[in-house]
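This report refers to the structure that appears directly beneath it.
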Amino acid sequence: MLTVVYSEKFISQLEKLSNKAQKMALKKIELFINNPKHPSLNTHKLNGVLSGFLSFSVDYQTRIVFEYGEKNMVHFLKIGDHDIYR
């Protein structure tokens, strides 16, 4: 099982989302923890300035940017729309 570490930026961005988006994000995070390769997450590697990081979909607009750490550790760095890729 994966252990998730949330960055301060991630928590701040999550709190700014609507209640509906927050609930969806928490469901997708739970799904990710249980199966990081679940097809509905659309997990993919990022390019450009975020090369080395990965992302998965919460819904049509919202994405979570993360990176794998040591052993079964995952660091959630950002959550939001496509602007988080900048």
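Convention: chains lettered A, B, ... in structure tokens order; per-chain residue numbering from 1; ligands numbered from 1 as shown.
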
Where does DSSP see helix (DSSP H, G or I) in chain A, if you list the residues as a ChimeraX atom specification? /A:8-16,19-34,39-41,48-50,82-85

Expected file: the selected residues, C-alpha atoms, as a tab-separated table (two decimals), in the first residue's frame:
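As a result, result-v1.tsv now contains:
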chain	number	residue	atom	x	y	z
A	8	GLU	CA	1.63	22.51	1.96
A	9	LYS	CA	0.90	23.86	-1.52
A	10	PHE	CA	-1.28	20.83	-2.28
A	11	ILE	CA	-3.29	21.25	0.92
A	12	SER	CA	-3.75	24.97	0.28
A	13	GLN	CA	-4.92	24.35	-3.29
A	14	LEU	CA	-7.24	21.53	-2.20
A	15	GLU	CA	-8.91	23.79	0.37
A	16	LYS	CA	-9.63	26.36	-2.35
A	19	ASN	CA	-16.79	21.07	-1.79
A	20	LYS	CA	-17.85	18.90	-4.73
A	21	ALA	CA	-14.34	19.00	-6.23
A	22	GLN	CA	-12.77	18.25	-2.84
A	23	LYS	CA	-14.96	15.17	-2.39
A	24	MET	CA	-14.13	13.96	-5.89
A	25	ALA	CA	-10.42	14.53	-5.25
A	26	LEU	CA	-10.54	12.49	-2.05
A	27	LYS	CA	-12.28	9.64	-3.86
A	28	LYS	CA	-9.68	9.68	-6.64
A	29	ILE	CA	-6.85	9.80	-4.10
A	30	GLU	CA	-8.28	6.72	-2.41
A	31	LEU	CA	-8.54	5.00	-5.79
A	32	PHE	CA	-4.94	5.99	-6.58
A	33	ILE	CA	-3.69	4.59	-3.26
A	34	ASN	CA	-5.39	1.27	-3.96
A	39	PRO	CA	-7.57	3.47	-16.11
A	40	SER	CA	-9.99	6.16	-14.88
A	41	LEU	CA	-7.09	8.09	-13.36
A	48	GLY	CA	8.87	20.23	-20.09
A	49	VAL	CA	9.53	22.05	-16.81
A	50	LEU	CA	7.63	19.31	-14.96
A	82	HIS	CA	-4.17	22.94	-16.17
A	83	ASP	CA	-2.64	26.16	-14.79
A	84	ILE	CA	-0.81	24.04	-12.19
A	85	TYR	CA	1.45	22.81	-14.98

Tell me, as an MDAnalysis selection string, which residues lie within 6 Å of Val74 in chain A, counting only C-alpha atoms; anything in the same chain fewer than 6 positions away does not count. chainID A and resid 4 67:68

Tell me, as a list in words, which residues lie within 7 Å of Thr62 in chain A, counting only C-alpha atoms; anything in the same chain fewer than 6 positions away does not count. Ile79, Gly80 and Asp81 of chain A

Ranking A:Lys78, A:Ile64, A:Leu2, A:Glu70 by minimum distance to Asn35 in chain A and counting only C-alpha atoms, which one comes first? A:Leu2

Let's see if you can do this: from backbone DSSP, list all strand (DSSP E) residues in chain A, as an mmCIF file with C-alpha atoms, in the first residue's frame.
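out_6.cif, written as the output of this step:
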data_model
loop_
_atom_site.group_PDB
_atom_site.id
_atom_site.type_symbol
_atom_site.label_atom_id
_atom_site.label_comp_id
_atom_site.auth_asym_id
_atom_site.auth_seq_id
_atom_site.Cartn_x
_atom_site.Cartn_y
_atom_site.Cartn_z
ATOM 1 C CA THR A 3 1.904 6.197 1.768
ATOM 2 C CA VAL A 4 0.954 9.683 0.590
ATOM 3 C CA VAL A 5 2.730 12.845 1.732
ATOM 4 C CA TYR A 6 0.866 16.078 0.994
ATOM 5 C CA HIS A 44 0.781 9.983 -17.151
ATOM 6 C CA LYS A 45 4.308 11.392 -17.104
ATOM 7 C CA LEU A 54 3.467 12.565 -13.001
ATOM 8 C CA SER A 55 -0.167 13.572 -13.014
ATOM 9 C CA PHE A 56 -3.582 11.965 -12.759
ATOM 10 C CA SER A 57 -7.096 13.206 -13.392
ATOM 11 C CA ARG A 63 -5.346 17.256 -12.002
ATOM 12 C CA ILE A 64 -2.997 16.118 -9.261
ATOM 13 C CA VAL A 65 0.759 16.447 -9.809
ATOM 14 C CA PHE A 66 2.883 13.988 -7.855
ATOM 15 C CA GLU A 67 6.185 12.171 -7.688
ATOM 16 C CA TYR A 68 7.224 8.825 -6.297
ATOM 17 C CA MET A 73 5.985 6.798 -0.740
ATOM 18 C CA VAL A 74 4.182 9.260 -3.027
ATOM 19 C CA HIS A 75 4.419 13.042 -2.741
ATOM 20 C CA PHE A 76 1.337 14.980 -3.859
ATOM 21 C CA LEU A 77 2.619 18.390 -4.911
ATOM 22 C CA LYS A 78 -0.192 20.321 -6.612
ATOM 23 C CA ILE A 79 -3.900 20.066 -7.399
ATOM 24 C CA GLY A 80 -5.922 22.231 -9.755
#

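Pairwise distance (CA of Gly52 in chain A, CA of Gly69 in chain A) equals 11.7 Å.
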
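Taking CA of Asn42 in chain A and CA of Ser7 in chain A as endpoints, the distance between them is 21.7 Å.
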